[in-house]
Amino acid sequence: MTLARRRELVDRRHRRLSIVRQCQLLGVSRSSLYYRPKGASQQDLSLMRELDRQYLETPSYGSKRMKASLERQGKPVSRKRVQRLTRVMGLRAIYRQPRTSQPAPEQRVYPYLLRGASITRPNQVWAADITYLPMARGFLYLVAVMDWHSRYVLAWRLSNTLEAGFCAEALREALGHGRPEVFNTDQGSQFTSREFPRCWRTAG
């Protein structure tokens, strides 16, 4: 049972047990019953508003970069204070933790065909890759199919999971623009799964 819950069990109007005795039985300091935590200061609230705004813009910032951002706004603050306030707010820096290039077990490994190649014309080489977009809560995943010569984005899709379906949808749309000689991706499970190569075979 938490300390806070034990404090709540103290009955100040109990007829037989004094507050002192109840505190002894519950293992609660008597002085803690009368403690009232101070609310956040106006300065802390102002800093927290700025931290929240900055976090929504740059969720990858840790305490060091948050501190630098506040100081650029003329709000000098220690790094420890930034760490304390972000902890109170439940903010955690989002780094590139999702592994978007996990190979699928027992899937075929495809050869790399572009070593030393010169890309000189459209539809010679297409490429696809997945990245992630940090949101206020969680991630969205973005796949794009692009012509390497023109840098034209042929198709793209968003998904809230890393299942292969949204990659195959983007590929099917891209194939409406033509056929490449070489299609380049990493060996992630989305691209080596059954569904993605099946699109190629269906398209001939």
# chains A, B, ... in the order shown; residues from 1 in each chain; ligands from 1
>>> residues_around(residues="Val145 (chain A)", least_positions_apart="2", cutoff="9 Å", atoms="only C-alpha atoms", output="mmCIF file with all heavy atoms, in the first residue's frame")
data_model
loop_
_atom_site.group_PDB
_atom_site.id
_atom_site.type_symbol
_atom_site.label_atom_id
_atom_site.label_comp_id
_atom_site.auth_asym_id
_atom_site.auth_seq_id
_atom_site.Cartn_x
_atom_site.Cartn_y
_atom_site.Cartn_z
ATOM 1 N N TRP A 126 13.898 2.939 -59.209
ATOM 2 C CA TRP A 126 12.997 3.456 -58.192
ATOM 3 C C TRP A 126 13.523 3.007 -56.835
ATOM 4 O O TRP A 126 14.270 2.043 -56.722
ATOM 5 C CB TRP A 126 11.588 2.895 -58.363
ATOM 6 C CG TRP A 126 10.822 3.434 -59.525
ATOM 7 C CD1 TRP A 126 11.229 4.309 -60.477
ATOM 8 C CD2 TRP A 126 9.472 3.082 -59.857
ATOM 9 N NE1 TRP A 126 10.244 4.542 -61.391
ATOM 10 C CE2 TRP A 126 9.141 3.798 -61.040
ATOM 11 C CE3 TRP A 126 8.524 2.241 -59.296
ATOM 12 C CZ2 TRP A 126 7.898 3.698 -61.645
ATOM 13 C CZ3 TRP A 126 7.280 2.134 -59.893
ATOM 14 C CH2 TRP A 126 6.966 2.858 -61.053
ATOM 15 N N ALA A 127 13.098 3.715 -55.805
ATOM 16 C CA ALA A 127 13.473 3.345 -54.442
ATOM 17 C C ALA A 127 12.276 3.550 -53.527
ATOM 18 O O ALA A 127 11.403 4.371 -53.805
ATOM 19 C CB ALA A 127 14.654 4.172 -53.958
ATOM 20 N N ALA A 128 12.275 2.805 -52.450
ATOM 21 C CA ALA A 128 11.244 2.979 -51.422
ATOM 22 C C ALA A 128 11.909 2.892 -50.062
ATOM 23 O O ALA A 128 12.890 2.169 -49.878
ATOM 24 C CB ALA A 128 10.153 1.920 -51.543
ATOM 25 N N ASP A 129 11.378 3.652 -49.127
ATOM 26 C CA ASP A 129 11.893 3.582 -47.752
ATOM 27 C C ASP A 129 10.794 4.001 -46.801
ATOM 28 O O ASP A 129 9.834 4.678 -47.183
ATOM 29 C CB ASP A 129 13.110 4.487 -47.583
ATOM 30 C CG ASP A 129 13.968 4.071 -46.387
ATOM 31 O OD1 ASP A 129 13.630 3.073 -45.719
ATOM 32 O OD2 ASP A 129 14.965 4.748 -46.103
ATOM 33 N N VAL A 143 5.752 5.627 -45.822
ATOM 34 C CA VAL A 143 6.527 4.978 -46.879
ATOM 35 C C VAL A 143 6.377 5.818 -48.147
ATOM 36 O O VAL A 143 5.292 6.347 -48.424
ATOM 37 C CB VAL A 143 6.067 3.527 -47.137
ATOM 38 C CG1 VAL A 143 4.633 3.464 -47.638
ATOM 39 C CG2 VAL A 143 7.012 2.823 -48.105
ATOM 40 N N ASP A 147 11.306 7.996 -57.829
ATOM 41 C CA ASP A 147 12.205 7.793 -58.963
ATOM 42 C C ASP A 147 13.538 8.465 -58.643
ATOM 43 O O ASP A 147 13.579 9.669 -58.354
ATOM 44 C CB ASP A 147 11.597 8.404 -60.232
ATOM 45 C CG ASP A 147 12.473 8.175 -61.445
ATOM 46 O OD1 ASP A 147 13.509 8.877 -61.586
ATOM 47 O OD2 ASP A 147 12.142 7.307 -62.249
ATOM 48 N N TYR A 152 11.196 12.378 -58.197
ATOM 49 C CA TYR A 152 9.743 12.511 -58.154
ATOM 50 C C TYR A 152 9.159 11.436 -57.232
ATOM 51 O O TYR A 152 9.487 10.254 -57.357
ATOM 52 C CB TYR A 152 9.165 12.361 -59.557
ATOM 53 C CG TYR A 152 7.660 12.514 -59.647
ATOM 54 C CD1 TYR A 152 7.068 13.767 -59.507
ATOM 55 C CD2 TYR A 152 6.838 11.405 -59.859
ATOM 56 C CE1 TYR A 152 5.695 13.906 -59.587
ATOM 57 C CE2 TYR A 152 5.468 11.535 -59.931
ATOM 58 C CZ TYR A 152 4.898 12.789 -59.789
ATOM 59 O OH TYR A 152 3.534 12.933 -59.858
ATOM 60 N N VAL A 153 8.291 11.865 -56.308
ATOM 61 C CA VAL A 153 7.619 10.915 -55.420
ATOM 62 C C VAL A 153 6.423 10.341 -56.169
ATOM 63 O O VAL A 153 5.460 11.048 -56.477
ATOM 64 C CB VAL A 153 7.179 11.584 -54.107
ATOM 65 C CG1 VAL A 153 6.381 10.599 -53.253
ATOM 66 C CG2 VAL A 153 8.400 12.082 -53.335
ATOM 67 N N LEU A 154 6.517 9.069 -56.477
ATOM 68 C CA LEU A 154 5.492 8.404 -57.273
ATOM 69 C C LEU A 154 4.262 8.030 -56.451
ATOM 70 O O LEU A 154 3.143 8.026 -56.954
ATOM 71 C CB LEU A 154 6.078 7.146 -57.908
ATOM 72 C CG LEU A 154 7.288 7.403 -58.828
ATOM 73 C CD1 LEU A 154 8.091 6.125 -59.009
ATOM 74 C CD2 LEU A 154 6.830 7.950 -60.167
ATOM 75 N N ALA A 155 4.478 7.708 -55.187
ATOM 76 C CA ALA A 155 3.364 7.335 -54.307
ATOM 77 C C ALA A 155 3.848 7.339 -52.867
ATOM 78 O O ALA A 155 5.047 7.177 -52.609
ATOM 79 C CB ALA A 155 2.829 5.953 -54.674
ATOM 80 N N TRP A 156 2.909 7.512 -51.940
ATOM 81 C CA TRP A 156 3.243 7.450 -50.520
ATOM 82 C C TRP A 156 2.013 7.016 -49.737
ATOM 83 O O TRP A 156 0.878 7.175 -50.202
ATOM 84 C CB TRP A 156 3.783 8.784 -49.993
ATOM 85 C CG TRP A 156 2.832 9.947 -50.144
ATOM 86 C CD1 TRP A 156 2.712 10.762 -51.224
ATOM 87 C CD2 TRP A 156 1.854 10.385 -49.198
ATOM 88 N NE1 TRP A 156 1.725 11.692 -51.011
ATOM 89 C CE2 TRP A 156 1.187 11.493 -49.772
ATOM 90 C CE3 TRP A 156 1.493 9.961 -47.915
ATOM 91 C CZ2 TRP A 156 0.173 12.167 -49.106
ATOM 92 C CZ3 TRP A 156 0.471 10.639 -47.252
ATOM 93 C CH2 TRP A 156 -0.166 11.734 -47.849
ATOM 94 N N CYS A 167 2.824 -0.514 -47.521
ATOM 95 C CA CYS A 167 3.923 -0.436 -48.491
ATOM 96 C C CYS A 167 3.479 -0.995 -49.842
ATOM 97 O O CYS A 167 3.785 -0.432 -50.892
ATOM 98 C CB CYS A 167 5.137 -1.208 -47.985
ATOM 99 S SG CYS A 167 5.808 -0.587 -46.436
ATOM 100 N N ALA A 170 1.272 1.518 -51.644
ATOM 101 C CA ALA A 170 2.060 2.576 -52.287
ATOM 102 C C ALA A 170 2.711 2.060 -53.563
ATOM 103 O O ALA A 170 2.756 2.763 -54.581
ATOM 104 C CB ALA A 170 3.123 3.101 -51.319
ATOM 105 N N LEU A 171 3.216 0.825 -53.538
ATOM 106 C CA LEU A 171 3.849 0.252 -54.727
ATOM 107 C C LEU A 171 2.844 0.090 -55.854
ATOM 108 O O LEU A 171 3.135 0.418 -57.011
ATOM 109 C CB LEU A 171 4.477 -1.099 -54.371
ATOM 110 C CG LEU A 171 5.069 -1.884 -55.534
ATOM 111 C CD1 LEU A 171 6.106 -1.066 -56.286
ATOM 112 C CD2 LEU A 171 5.674 -3.190 -55.041
ATOM 113 N N ALA A 174 2.285 3.367 -57.414
ATOM 114 C CA ALA A 174 3.455 3.807 -58.182
ATOM 115 C C ALA A 174 3.536 3.094 -59.520
ATOM 116 O O ALA A 174 3.934 3.697 -60.537
ATOM 117 C CB ALA A 174 4.722 3.567 -57.372
#
>>> select_by_dssp(residues="chain A", states="alpha helix (DSSP H)", output="PyMOL selection string")
chain A and resi 3-8+19-26+30-33+42-57+63-72+79-89+165-174+189-192+195-202
>>> atom_distance(atom1="CA of Met66 (chain A)", atom2="CA of Asn160 (chain A)")
27.7 Å
>>> residues_around(residues="Thr2 (chain A)", least_positions_apart="2", cutoff="12 Å", atoms="only C-alpha atoms", output="mmCIF file with N, CA and C atoms, in the first residue's frame")
data_model
loop_
_atom_site.group_PDB
_atom_site.id
_atom_site.type_symbol
_atom_site.label_atom_id
_atom_site.label_comp_id
_atom_site.auth_asym_id
_atom_site.auth_seq_id
_atom_site.Cartn_x
_atom_site.Cartn_y
_atom_site.Cartn_z
ATOM 1 N N ALA A 4 0.699 7.459 0.327
ATOM 2 C CA ALA A 4 -0.446 8.354 0.159
ATOM 3 C C ALA A 4 -1.744 7.669 0.556
ATOM 4 N N ARG A 5 -1.872 6.369 0.203
ATOM 5 C CA ARG A 5 -3.087 5.636 0.551
ATOM 6 C C ARG A 5 -3.193 5.437 2.057
ATOM 7 N N ARG A 6 -2.043 5.173 2.717
ATOM 8 C CA ARG A 6 -2.056 4.998 4.173
ATOM 9 C C ARG A 6 -2.458 6.293 4.863
ATOM 10 N N ARG A 7 -2.000 7.422 4.319
ATOM 11 C CA ARG A 7 -2.405 8.716 4.899
ATOM 12 C C ARG A 7 -3.915 8.899 4.817
ATOM 13 N N GLU A 8 -4.493 8.458 3.692
ATOM 14 C CA GLU A 8 -5.933 8.620 3.499
ATOM 15 C C GLU A 8 -6.739 7.808 4.513
ATOM 16 N N LEU A 9 -6.144 6.737 5.028
ATOM 17 C CA LEU A 9 -6.855 5.863 5.969
ATOM 18 C C LEU A 9 -6.941 6.446 7.380
ATOM 19 N N LEU A 26 -0.258 2.622 11.066
ATOM 20 C CA LEU A 26 -0.160 2.704 9.601
ATOM 21 C C LEU A 26 1.260 2.999 9.115
ATOM 22 N N GLY A 27 2.174 3.289 10.064
ATOM 23 C CA GLY A 27 3.541 3.611 9.657
ATOM 24 C C GLY A 27 3.628 4.928 8.920
ATOM 25 N N VAL A 28 2.864 5.912 9.409
ATOM 26 C CA VAL A 28 2.805 7.233 8.782
ATOM 27 C C VAL A 28 3.347 8.272 9.750
#
>>> select_by_dssp(residues="region 9-191 of chain A", states="strand (DSSP E or B)", output="list in words")
Val125, Trp126, Ala127, Ala128, Asp129, Ile130, Thr131, Tyr132, Leu133, Pro134, Phe139, Leu140, Tyr141, Leu142, Val143, Ala144, Val145, Met146, Asp147, Val153, Leu154, Ala155, Trp156, Arg157, Leu158, Ser159, Val182, Phe183 and Asn184 of chain A
>>> closest_residue(among="A:Leu47, A:Ala117, A:Met89, A:Ala168", to="Arg194 (chain A)", atoms="only C-alpha atoms")
A:Ala168
>>> atom_distance(atom1="CA of Val10 (chain A)", atom2="CA of Leu33 (chain A)")
8.6 Å
>>> atom_distance(atom1="CA of Arg151 (chain A)", atom2="CA of Gly176 (chain A)")
16.9 Å
